[in-house]
Amino acid sequence: VTKLKNLSKQDYLRIINRSAGSNETIMPLVRKIMDNVKNNGDKTILEKYQSRYDANNYRTIHVTKEEIKTAYKYVNMQTIKALKQMIKNITLVQMSQLPSKKDTVVRSEKGIRVWREWRPIRKVGLYIPGGKAIYPSSVLMSAIPAQISGCQEIIMCSPPGQDGQIPAVTLVAADMIGLKKIYKVGGAEAIAAMTYGTKTIPNVYKIFGAGNSYVTAAKMLALEKISIDMPAGPSEVFIIADETANPAFIAADLLADGEHGEDSACVLLTTSEKIARLSIIEIEKQLKTLETQNRARESLKKYGMFAVADNMDEIIRFTNEYAPEHLEIMIKDSERLVKEITDAGSVFLGNWTSKSSGDYATGANHVLPTGGMAKMYAPLGVGSYGKWMQVQECTKQGLKNIKNTIETIATVEKLPAHKQSVSIRFINNEKNL
């Protein structure tokens with residue numbers, strides 16, 4: 001346990017920067033992979049996986065109906081029921097966030113109307129982490145907002161496991177919400193395929209989803225041609241607690257984040273030294289029960305902090321500077337503190353709102369900005385899958401009302417054709433009615 005105000009510069013940077021590293025060292029290799037897929041398409045993907053696995057287990061890039069049918073045999077009814085509740089809650093929350101198709105019409109001058117109209121992005125690609133990991137929740141969090149937004153074409157890429165197949169529960173989750181274009185490809189190859197298109201995999205206009213450093217680097221390179229949701233890094237949880245918090249709950253939530261991987265970040269800030277010390281004791285107790293204890297312990301060692309602050313103002317300042325992905329507020333009257341938080345991905349209020357509740361079942365989205373990106377990025381949602389188109393209309397009188405302004409600024413900027421495009425409309429008025 002450390003005093004927040006006594007934090008050394010070295011420890012401050014370790015906590016604030018998390019595992020933020022540069023992708024520069026792998027960029028040349030990732031660009032080579034991207035170019036390979038761009039030039040050789042499906043051949044590059046087939047060579048990668050057929051050399052890695054038995055070619056009989058990886059015959060097609062596209063997931064077949066038979067593979068989906070087989071997947072259901074490996075998913076029990078309890079899991080199906082849980083997925084159904086997730087689908088219901090995510091849909092309910094995302095529907096509430098759908099923008100109106102047309103926003104307020106503003107009459108900036110007499111005879112002038114300006115407004116915006118909402119349009120979904122027509123083609124989007126979803127990257128779902130896989131291999132050793134199994135994330136059916138990410139399928140639902142990424143795909144449901146796209147469907148509600150009205151995207152016409154939604155494709156999904158996920159890396160296969162040792163058997164050459166996407167995990168069964170991931171396929172079932174995708175099938176339950178009606179995804180049809182599912183491809184067994186991961187890493188930089190998947191990002192390249194969705195960026196440039198291959199014979200099998202269509203190109204898209206925007207890519208969503210997190211992955212390893214190769215996926216992140218590939219997404220940054222993809223920005224040369226298409227759009228992406230946000231840069232994605234390791235998971236992080238940041239807990240604010242006072243003397244009313246439950247140390248067992250704090251420990252459980254820190255470990256729930258730490259078990260994601262050794263690069264995860266776990267921070268506790270409290271006004272109570274007693275709570276901090278009891279939380280550490282609880283962590284040691286709970287670690288012994290976890291199969292994931294090694295990576296959870298390592299993440300706490302690398303990017304963990306248990307700090308005591310003199311007051312809540314000190315905590316708020318540090319929290320906003322950190323801009324956490326997941327922010328839990330376990331204090332008396334926790335909602336009161338929300339208005340002071342300017343930068344956080346997803347906020348969890350009170351002792352009963354665990355990080356995992358938002359990861360899975362409240363209906364809030366779990367695709368969130370990491371690494372301090374909450375200062376400028378928002379959680380994934382319906383709005384991420386569309387864009388506003390601007391519309392304006394001038395009557396003759398409307399244009400006349402702004403004619404002098406246009407001509408003056410066009411002259412200042414030395415753009416005579418801009419000036420002429422207005423003045424020509426008022427020469428020989430009868431002719432141009």
# chains A, B, ... in the order shown; residues from 1 in each chain; ligands from 1
$ select_by_dssp --residues "range 182-223 of chain A" --states "helix (DSSP H, G or I)" --output "PyMOL selection string"
chain A and resi 187-196+213-222
$ write_last_selection --atoms "C-alpha atoms" --output "mmCIF file, in the first residue's frame"
data_model
loop_
_atom_site.group_PDB
_atom_site.id
_atom_site.type_symbol
_atom_site.label_atom_id
_atom_site.label_comp_id
_atom_site.auth_asym_id
_atom_site.auth_seq_id
_atom_site.Cartn_x
_atom_site.Cartn_y
_atom_site.Cartn_z
ATOM 1 C CA GLY A 187 -4.295 -12.073 -36.917
ATOM 2 C CA ALA A 188 -3.057 -9.503 -39.397
ATOM 3 C CA GLU A 189 -4.315 -11.722 -42.236
ATOM 4 C CA ALA A 190 -7.918 -11.197 -41.126
ATOM 5 C CA ILE A 191 -7.519 -7.424 -40.937
ATOM 6 C CA ALA A 192 -5.859 -7.373 -44.369
ATOM 7 C CA ALA A 193 -8.600 -9.539 -45.893
ATOM 8 C CA MET A 194 -11.337 -7.244 -44.569
ATOM 9 C CA THR A 195 -9.391 -4.176 -45.712
ATOM 10 C CA TYR A 196 -8.574 -5.226 -49.273
ATOM 11 C CA SER A 213 -0.336 -6.668 -31.040
ATOM 12 C CA TYR A 214 -0.317 -7.917 -34.648
ATOM 13 C CA VAL A 215 -4.038 -7.237 -34.993
ATOM 14 C CA THR A 216 -3.645 -3.773 -33.457
ATOM 15 C CA ALA A 217 -0.725 -2.951 -35.770
ATOM 16 C CA ALA A 218 -2.679 -4.221 -38.785
ATOM 17 C CA LYS A 219 -5.656 -2.043 -37.853
ATOM 18 C CA MET A 220 -3.404 0.999 -37.701
ATOM 19 C CA LEU A 221 -2.087 0.184 -41.194
ATOM 20 C CA ALA A 222 -5.638 -0.434 -42.411
#
$ residues_around --residues "range 345-358 of chain A" --least-positions-apart "5" --cutoff "6 Å" --atoms "only C-alpha atoms" --output "list in words"
Glu325, His326, Leu327, Glu328, Ile329, Met330, Ser334, Ala364, Leu368, Pro369, Ala374 and Pro379 of chain A
$ residues_around --residues "Ile281 in chain A" --least-positions-apart "6" --cutoff "9 Å" --atoms "only C-alpha atoms" --output "PDB file with C-alpha atoms, in the first residue's frame"
ATOM      1  CA  PRO A 247     -12.674  -5.875   0.382  1.00  0.00           C
ATOM      2  CA  ALA A 248     -13.742  -9.293  -0.929  1.00  0.00           C
ATOM      3  CA  ALA A 251     -10.306  -8.285  -4.684  1.00  0.00           C
TER       4      ALA A 251
END
$ residues_around --residues "Ser142 in chain A" --least-positions-apart "3" --cutoff "10 Å" --atoms "only C-alpha atoms" --output "VMD selection string"
chain A and resid 125 to 128 137 to 139 145 to 147 156 208 to 209 365 to 367 380 to 382 385
$ closest_residue --among "A:Val422, A:Lys301, A:Glu282, A:Pro129" --to "Asp11 in chain A" --atoms "only C-alpha atoms"
A:Lys301
$ residues_around --residues "range 159-165 of chain A" --least-positions-apart "2" --cutoff "12 Å" --atoms "only C-alpha atoms" --output "NGL selection string"
:A and (45-46 or 48-64 or 67-68 or 70-71 or 126-135 or 156-157 or 167-171 or 182-191 or 211-212 or 215)
$ residues_around --residues "Pro120 in chain A" --least-positions-apart "5" --cutoff "8 Å" --atoms "only C-alpha atoms" --output "PyMOL selection string"
chain A and resi 149-151+385-387
$ closest_residue --among "A:Val30, A:Arg113, A:Ile16, A:Leu4" --to "Cys394 in chain A" --atoms "only C-alpha atoms"
A:Arg113
$ atom_distance --atom1 "CA of Val75 in chain A" --atom2 "CA of Glu262 in chain A"
29.1 Å
$ atom_distance --atom1 "CA of Ala143 in chain A" --atom2 "CA of Gln78 in chain A"
21.8 Å
$ atom_distance --atom1 "CA of Ile239 in chain A" --atom2 "CA of Leu287 in chain A"
18.2 Å
$ closest_residue --among "A:Pro324, A:Gly304, A:Gly372, A:Gly111" --to "Ala344 in chain A" --atoms "only C-alpha atoms"
A:Pro324
$ select_by_dssp --residues "range 279-407 of chain A" --states "strand (DSSP E or B)" --output "list in words"
Gly304, Met305, Phe306, Ala307, Val308, His326, Leu327, Glu328, Ile329, Met330, Ser346, Val347, Phe348, Leu349, Gly386, Lys387, Trp388, Met389, Gln390, Val391, Gln392, Glu393 and Cys394 of chain A
$ closest_residue --among "A:Gln97, A:Ser279, A:Ser235, A:Ser8" --to "Ile250 in chain A" --atoms "only C-alpha atoms"
A:Ser279
